[in-house]
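As stored in final28.tsv (TSV, C-alpha atoms):
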chain	number	residue	atom	x	y	z
A	196	MET	CA	78.28	17.27	67.64
A	197	GLY	CA	80.19	14.01	67.29
A	198	SER	CA	79.62	10.78	69.12
A	199	PRO	CA	80.63	10.85	72.81
A	200	LEU	CA	82.43	7.55	72.20
A	201	SER	CA	84.66	8.97	69.46
A	202	LEU	CA	88.27	9.99	70.09
A	203	HIS	CA	89.98	13.01	68.57
A	204	ILE	CA	93.49	11.95	67.50
A	205	LEU	CA	96.02	14.76	67.96
A	206	PHE	CA	99.22	13.12	66.74
A	207	TYR	CA	101.06	9.83	66.34
A	208	ILE	CA	104.12	8.44	68.08
A	209	GLY	CA	105.19	5.90	65.51
A	210	PRO	CA	102.19	3.62	64.98
A	211	VAL	CA	100.59	4.69	68.29
A	212	ALA	CA	97.79	7.23	68.04
A	213	VAL	CA	97.68	9.80	70.84
A	214	SER	CA	94.18	11.14	71.47
A	215	ALA	CA	93.06	14.33	73.19
A	216	PRO	CA	91.96	12.52	76.42
A	217	VAL	CA	95.44	10.98	76.69
A	218	VAL	CA	97.10	14.39	76.43
A	219	VAL	CA	94.73	15.83	79.06
A	220	THR	CA	95.47	12.84	81.28
A	221	TRP	CA	99.23	13.42	80.94
A	222	ALA	CA	98.71	17.09	81.77
A	223	ILE	CA	96.70	16.22	84.89
A	224	MET	CA	99.31	13.72	86.07
A	225	LEU	CA	102.05	16.31	85.53
A	226	LEU	CA	100.03	18.96	87.34
A	227	LEU	CA	99.36	16.71	90.34
A	228	SER	CA	102.98	15.48	90.49
A	229	VAL	CA	104.50	18.96	90.31
A	230	GLY	CA	101.87	20.32	92.69
A	231	ALA	CA	102.56	17.58	95.23
A	232	TRP	CA	106.29	18.24	95.02
A	233	LEU	CA	105.87	21.99	95.46
A	234	LEU	CA	103.49	21.58	98.40
A	235	THR	CA	105.63	19.04	100.27
A	236	ARG	CA	109.20	20.18	99.62
A	237	ARG	CA	109.30	22.56	102.60
A	238	LEU	CA	107.24	20.89	105.31
A	239	SER	CA	107.76	22.27	108.81
A	240	VAL	CA	106.61	21.69	112.37
A	241	HIS	CA	105.27	25.24	112.29
A	242	ALA	CA	102.88	24.87	109.41
A	243	SER	CA	102.41	27.66	106.90
A	244	THR	CA	98.97	28.45	105.49
A	245	ARG	CA	99.75	26.32	102.44
A	246	GLN	CA	100.92	23.37	104.56
A	247	ALA	CA	97.91	23.71	106.88
A	248	ALA	CA	95.55	23.53	103.90
A	249	LEU	CA	97.37	20.44	102.62
A	250	GLU	CA	97.17	18.79	106.04
A	251	VAL	CA	93.42	19.43	106.16
A	252	VAL	CA	92.96	17.63	102.82
A	253	VAL	CA	95.15	14.69	103.86
A	254	ALA	CA	93.45	14.43	107.26
A	255	ALA	CA	90.02	14.46	105.61
A	256	ILE	CA	91.01	11.58	103.31
A	257	GLN	CA	92.52	9.67	106.24
A	258	THR	CA	89.35	10.13	108.27
A	259	GLN	CA	87.19	8.91	105.40
A	260	ILE	CA	89.37	5.82	104.95
A	261	ARG	CA	89.30	5.08	108.69
A	262	ASP	CA	85.53	5.53	108.92
A	263	THR	CA	84.81	3.47	105.80
A	264	MET	CA	87.35	0.66	106.12
A	265	ARG	CA	87.61	0.51	109.93
A	266	THR	CA	91.37	0.11	109.76
A	267	ASP	CA	94.61	2.08	109.79
A	268	PRO	CA	94.41	4.44	106.79
A	269	GLU	CA	98.14	4.78	106.11
A	270	PRO	CA	98.60	1.73	103.81
A	271	TYR	CA	95.69	2.84	101.63
A	272	LEU	CA	96.16	6.61	101.65
A	273	PRO	CA	98.42	6.78	98.54
A	274	LEU	CA	95.99	4.78	96.39
A	275	ILE	CA	92.72	6.29	97.61
A	276	GLY	CA	94.09	9.82	97.77
A	277	THR	CA	95.53	9.59	94.26
A	278	LEU	CA	92.31	8.15	92.84
A	279	PHE	CA	90.21	10.89	94.40
A	280	LEU	CA	92.48	13.77	93.39
A	281	PHE	CA	92.95	12.49	89.84
A	282	ILE	CA	89.24	11.88	89.21
A	283	PHE	CA	88.29	15.18	90.86
A	284	THR	CA	90.82	17.11	88.74
A	285	ALA	CA	89.88	15.20	85.59
A	286	ASN	CA	86.18	15.90	86.07
A	287	TRP	CA	86.83	19.59	86.66
A	288	SER	CA	89.16	19.90	83.66
A	289	SER	CA	86.04	20.80	81.69
A	290	LEU	CA	86.56	24.32	83.09
A	291	ILE	CA	89.49	24.71	80.70
A	292	PRO	CA	88.28	26.02	77.32
A	293	GLY	CA	88.63	23.37	74.65
A	294	ALA	CA	89.45	20.59	77.12
A	295	GLU	CA	87.24	17.56	77.59
A	296	PRO	CA	87.44	15.53	80.82
A	297	PRO	CA	89.30	12.25	80.20
A	298	THR	CA	86.77	10.60	82.53
A	299	ALA	CA	84.11	11.38	79.90
A	300	HIS	CA	85.72	8.59	77.83
A	301	ILE	CA	85.19	4.98	78.77
A	302	GLU	CA	88.84	4.02	78.20
A	303	THR	CA	89.99	6.20	81.09
A	304	ASP	CA	87.25	4.94	83.39
A	305	ALA	CA	88.06	1.33	82.50
A	306	ALA	CA	91.72	1.92	83.38
A	307	LEU	CA	90.74	3.42	86.75
A	308	ALA	CA	88.39	0.52	87.48
A	309	LEU	CA	91.13	-1.98	86.61
A	310	ILE	CA	93.43	-0.24	89.10
A	311	VAL	CA	90.80	-0.84	91.79
A	312	PHE	CA	90.31	-4.45	90.62
A	313	PHE	CA	94.01	-5.29	90.96
A	314	ALA	CA	94.32	-3.27	94.18
A	315	VAL	CA	91.57	-5.41	95.75
A	316	ALA	CA	93.48	-8.56	94.81
A	317	TYR	CA	96.80	-7.12	96.02
A	318	TYR	CA	95.54	-6.02	99.42
A	319	GLY	CA	93.49	-9.20	99.81
A	320	ILE	CA	96.53	-11.40	99.17
A	321	LYS	CA	98.70	-9.19	101.39
A	322	ALA	CA	96.24	-9.44	104.29
A	323	ARG	CA	95.16	-13.08	103.97
A	324	GLY	CA	97.76	-14.79	101.81
A	325	LEU	CA	97.09	-16.22	98.36
A	326	PHE	CA	95.02	-19.18	99.51
A	327	GLY	CA	93.20	-17.13	102.13
A	328	TYR	CA	92.21	-14.58	99.50
A	329	ALA	CA	91.09	-17.32	97.11
A	330	ALA	CA	88.99	-18.80	99.92
A	331	THR	CA	86.95	-15.58	100.15
A	332	PHE	CA	85.28	-16.52	96.86
A	333	ALA	CA	83.86	-19.61	98.60
A	334	GLU	CA	82.20	-17.61	101.39
A	335	PRO	CA	79.75	-18.34	102.90
A	336	SER	CA	79.55	-21.60	100.92
A	337	ILE	CA	81.58	-23.12	98.10
A	338	LEU	CA	78.34	-23.14	96.10
A	339	MET	CA	78.59	-19.35	96.02
A	340	MET	CA	81.96	-19.34	94.26
A	341	PRO	CA	80.57	-18.75	90.72
A	342	LEU	CA	78.36	-15.90	91.96
A	343	ASN	CA	81.22	-14.34	93.92
A	344	LEU	CA	83.46	-14.46	90.85
A	345	ILE	CA	80.75	-12.85	88.74
A	346	GLU	CA	80.22	-10.20	91.42
A	347	THR	CA	83.92	-9.29	91.33
A	348	ILE	CA	83.71	-8.66	87.59
A	349	THR	CA	80.35	-6.91	87.58
A	350	ARG	CA	81.21	-4.48	90.38
A	351	THR	CA	84.34	-3.48	88.45
A	352	PHE	CA	82.18	-2.94	85.39
A	353	SER	CA	79.75	-0.89	87.49
A	354	LEU	CA	82.58	1.48	88.44
A	355	VAL	CA	83.23	2.08	84.75
A	356	VAL	CA	79.59	2.62	83.82
A	357	ARG	CA	78.79	4.89	86.79
A	358	LEU	CA	81.74	7.24	86.29
A	359	PHE	CA	81.51	7.27	82.49
A	360	GLY	CA	77.75	7.76	82.37
A	361	ASN	CA	77.63	10.64	84.83
A	362	VAL	CA	80.62	12.59	83.51
A	363	MET	CA	79.95	12.01	79.82
A	364	SER	CA	76.28	12.90	80.11
A	365	GLY	CA	77.11	16.18	81.83
A	366	VAL	CA	79.61	17.17	79.15
A	367	PHE	CA	77.25	16.09	76.38
A	368	VAL	CA	74.25	18.04	77.74
A	369	VAL	CA	76.28	21.22	78.32
A	370	GLY	CA	77.71	20.93	74.80
A	371	ILE	CA	74.26	20.58	73.25
A	372	VAL	CA	72.80	23.52	75.20
A	373	LEU	CA	75.86	25.65	74.41
A	374	SER	CA	75.53	24.95	70.69
A	375	LEU	CA	71.82	25.83	70.72
A	376	VAL	CA	71.41	28.87	72.96
A	377	GLY	CA	74.80	30.51	73.38
A	378	LEU	CA	77.37	31.13	76.08
A	379	LEU	CA	75.65	32.30	79.29
A	380	VAL	CA	72.59	30.07	79.53
A	381	PRO	CA	74.52	26.81	80.21
A	382	VAL	CA	76.33	28.31	83.26
A	383	PRO	CA	73.91	26.75	85.82
A	384	LEU	CA	74.26	23.42	84.03
A	385	MET	CA	78.05	23.73	84.16
A	386	ALA	CA	77.90	24.41	87.90
A	387	LEU	CA	75.75	21.32	88.35
A	388	ASP	CA	78.19	19.35	86.19
A	389	LEU	CA	81.09	20.42	88.43
A	390	LEU	CA	79.15	19.37	91.53
A	391	THR	CA	78.42	16.02	89.89
A	392	GLY	CA	82.11	15.62	89.06
A	393	ALA	CA	83.12	16.17	92.68
A	394	VAL	CA	80.45	13.76	93.93
A	395	GLN	CA	81.50	11.09	91.42
A	396	ALA	CA	85.14	11.36	92.51
A	397	TYR	CA	84.01	10.84	96.11
A	398	ILE	CA	81.72	7.91	95.25
A	399	PHE	CA	84.39	6.16	93.17
A	400	SER	CA	86.91	6.48	96.00
A	401	VAL	CA	84.45	5.28	98.65
A	402	LEU	CA	83.50	2.25	96.55
A	403	ALA	CA	87.18	1.43	96.13
A	404	MET	CA	87.54	1.52	99.93
A	405	VAL	CA	84.49	-0.71	100.40
A	406	PHE	CA	85.76	-3.28	97.89
A	407	ILE	CA	89.21	-3.37	99.49
A	408	ALA	CA	87.81	-3.54	103.03
A	409	GLY	CA	85.68	-6.51	101.98
A	410	VAL	CA	88.74	-8.70	101.39
A	411	LEU	CA	90.90	-7.61	104.32
A	412	GLY	CA	89.32	-9.79	106.99
A	413	SER	CA	88.33	-8.89	110.53
A	414	ASP	CA	91.89	-9.36	111.82
A	415	SER	CA	93.58	-7.00	109.39
A	416	GLU	CA	93.65	-3.99	111.74
A	417	PRO	CA	95.27	-5.79	114.70
A	418	LYS	CA	97.96	-7.18	112.37
A	419	GLN	CA	98.78	-3.75	111.01
A	420	ARG	CA	98.94	-2.19	114.44
A	421	LYS	CA	101.06	-5.02	115.75
A	422	GLY	CA	103.49	-4.49	112.87
A	423	LYS	CA	103.97	-0.90	113.96
Here is the file; what I need is its structure written in the form of structure tokens.
Amino acid sequence: MGSPLSLHILFYIGPVAVSAPVVVTWAIMLLLSVGAWLLTRRLSVHASTRQAALEVVVAAIQTQIRDTMRTDPEPYLPLIGTLFLFIFTANWSSLIPGAEPPTAHIETDAALALIVFFAVAYYGIKARGLFGYAATFAEPSILMMPLNLIETITRTFSLVVRLFGNVMSGVFVVGIVLSLVGLLVPVPLMALDLLTGAVQAYIFSVLAMVFIAGVLGSDSEPKQRKGK
């Protein structure tokens, strides 16, 4: 079995190498985009079973955002919902024979963590203004600014390590057991791996909410409601 850090190159687009995780990522994005379009193209006041199931999922994400961030969930629903659904689907893509979850590769996890990093800055500046957001690094004292800057970087790195370590280790262990003892024995491990994948998608999304909520300020909710 090869190194878990290695990438299998499938083809080239000019000088750009396209690896297997990239292709799986494209497939997941296409699946989620087409699925979202199919599920939302015929919304009605009298909800069908399909629409009711979709509304349950959306309401659950909204409730989690509201409970975690203590603010109106609507501005953050597209980002948090997309992160959760993508990571959840990516982690469970190991069910497809021959497919390896893109989240088992550190490049994908780094890209997801960078999305959260820039989202924190975006929502912080939107809520407080540029100088107000910059002032958060000097809280509670200007002496804390270097530590706050380091914390911003290290917590982003922790998102990468947590997601990569848990997903990659699950895939790696199942692969080793499968190569040693055959097809049926690793089934319990695969079930545990799927549970871990779902939990990691939830944890990543909750941490993103916590990081964003930390820069919004105590007056962010009244402002949003007033704007409505």
Radius query 12 Å about (84.2, 5.4, 78.7), atoms used: all atoms listed in the file, as a PDB file with C-alpha atoms, in the coordinates of the input:
ATOM      1  CA  SER A 198      79.620  10.780  69.120  1.00  0.00           C
ATOM      2  CA  PRO A 199      80.630  10.850  72.810  1.00  0.00           C
ATOM      3  CA  LEU A 200      82.430   7.550  72.200  1.00  0.00           C
ATOM      4  CA  SER A 201      84.660   8.970  69.460  1.00  0.00           C
ATOM      5  CA  LEU A 202      88.270   9.990  70.090  1.00  0.00           C
ATOM      6  CA  PRO A 216      91.960  12.520  76.420  1.00  0.00           C
ATOM      7  CA  PRO A 296      87.440  15.530  80.820  1.00  0.00           C
ATOM      8  CA  PRO A 297      89.300  12.250  80.200  1.00  0.00           C
ATOM      9  CA  THR A 298      86.770  10.600  82.530  1.00  0.00           C
ATOM     10  CA  ALA A 299      84.110  11.380  79.900  1.00  0.00           C
ATOM     11  CA  HIS A 300      85.720   8.590  77.830  1.00  0.00           C
ATOM     12  CA  ILE A 301      85.190   4.980  78.770  1.00  0.00           C
ATOM     13  CA  GLU A 302      88.840   4.020  78.200  1.00  0.00           C
ATOM     14  CA  THR A 303      89.990   6.200  81.090  1.00  0.00           C
ATOM     15  CA  ASP A 304      87.250   4.940  83.390  1.00  0.00           C
ATOM     16  CA  ALA A 305      88.060   1.330  82.500  1.00  0.00           C
ATOM     17  CA  ALA A 306      91.720   1.920  83.380  1.00  0.00           C
ATOM     18  CA  LEU A 307      90.740   3.420  86.750  1.00  0.00           C
ATOM     19  CA  ALA A 308      88.390   0.520  87.480  1.00  0.00           C
ATOM     20  CA  PHE A 352      82.180  -2.940  85.390  1.00  0.00           C
ATOM     21  CA  SER A 353      79.750  -0.890  87.490  1.00  0.00           C
ATOM     22  CA  LEU A 354      82.580   1.480  88.440  1.00  0.00           C
ATOM     23  CA  VAL A 355      83.230   2.080  84.750  1.00  0.00           C
ATOM     24  CA  VAL A 356      79.590   2.620  83.820  1.00  0.00           C
ATOM     25  CA  ARG A 357      78.790   4.890  86.790  1.00  0.00           C
ATOM     26  CA  LEU A 358      81.740   7.240  86.290  1.00  0.00           C
ATOM     27  CA  PHE A 359      81.510   7.270  82.490  1.00  0.00           C
ATOM     28  CA  GLY A 360      77.750   7.760  82.370  1.00  0.00           C
ATOM     29  CA  ASN A 361      77.630  10.640  84.830  1.00  0.00           C
ATOM     30  CA  VAL A 362      80.620  12.590  83.510  1.00  0.00           C
ATOM     31  CA  MET A 363      79.950  12.010  79.820  1.00  0.00           C
ATOM     32  CA  SER A 364      76.280  12.900  80.110  1.00  0.00           C
TER      33      SER A 364
END
Pick the closest to Ser400 of chain A from A:Thr331, A:Thr266, A:Gln246, A:Gln259: which is it, counting all atoms listed in the file?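 Of A:Thr331, A:Thr266, A:Gln246, A:Gln259, the one nearest Ser400 of chain A, counting all atoms listed in the file, is A:Gln259.
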Counting all atoms listed in the file, figure out which residue out of A:Leu233, A:Ala403, A:Ala330, A:Glu295 gets nearest to Leu274 of chain A.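 For Leu274 of chain A, the nearest of the given residues is A:Ala403.
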Between atom CA of Val213 of chain A and atom CA of Ala396 of chain A, what distance in Å does the model show, to one decimal?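 Between atom CA of Val213 of chain A and atom CA of Ala396 of chain A the gap works out to 25.1 Å.
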Which of A:Ala316, A:Ala248, A:Asp262, A:Ala215 sits closest to Ala294 of chain A [using all atoms listed in the file]: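 Closest candidate: A:Ala215.
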Atom CA of Phe326 of chain A and atom CA of Arg265 of chain A, how far apart in Å?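 Taking atom CA of Arg265 of chain A and atom CA of Phe326 of chain A, their separation equals 23.5 Å.
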Option closest in space to Leu290 of chain A, from A:Val251, A:Val405, A:Leu411, A:Ala386 [counting only C-alpha atoms]: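 Nearest candidate to Leu290 of chain A out of A:Val251, A:Val405, A:Leu411, A:Ala386: A:Ala386.
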How big is the axis-aligned box around the listed atoms of segment 339-343 of chain A once 5 Å is added on each side, and where is its centre? Give both in Å to one decimal, as JSON.
{"center_x": 80.2, "center_y": -16.8, "center_z": 93.4, "size_x": 13.6, "size_y": 15.0, "size_z": 15.3}
Mind pulling up the distance from atom CA of Phe281 of chain A to atom CA of Leu344 of chain A?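 Separation of atom CA of Leu344 of chain A and atom CA of Phe281 of chain A: 28.6 Å.
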Which one of A:Leu389, A:Ala255, A:Gly412, A:Gly293 sits closest to Tyr318 of chain A if you count all atoms listed in the file? A:Gly412
Using all atoms listed in the file, which of A:Gly276, A:Val410, A:Thr284, A:Trp232 sits nearest Ala329 of chain A?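 Using all atoms listed in the file, the shortest distance to Ala329 of chain A belongs to A:Val410.
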Using only C-alpha atoms, find all polymer residues with an atom at most 12 Å away from the point (98.5, -10.2, 96.9); report them as number ranges by chain. A: 312-329, 407, 410-411
For Phe279 of chain A: contacts at 10 Å, all atoms listed in the file, fewer than 6 positions along chain excluded, given as a PyMOL selection string: chain A and resi 256+285+393+395-401
Write the residues you've just listed into a file as a PDB file, in the frame of the given file, and include C-alpha atoms for each of them.
ATOM      1  CA  ILE A 256      91.010  11.580 103.310  1.00  0.00           C
ATOM      2  CA  ALA A 285      89.880  15.200  85.590  1.00  0.00           C
ATOM      3  CA  ALA A 393      83.120  16.170  92.680  1.00  0.00           C
ATOM      4  CA  GLN A 395      81.500  11.090  91.420  1.00  0.00           C
ATOM      5  CA  ALA A 396      85.140  11.360  92.510  1.00  0.00           C
ATOM      6  CA  TYR A 397      84.010  10.840  96.110  1.00  0.00           C
ATOM      7  CA  ILE A 398      81.720   7.910  95.250  1.00  0.00           C
ATOM      8  CA  PHE A 399      84.390   6.160  93.170  1.00  0.00           C
ATOM      9  CA  SER A 400      86.910   6.480  96.000  1.00  0.00           C
ATOM     10  CA  VAL A 401      84.450   5.280  98.650  1.00  0.00           C
TER      11      VAL A 401
END
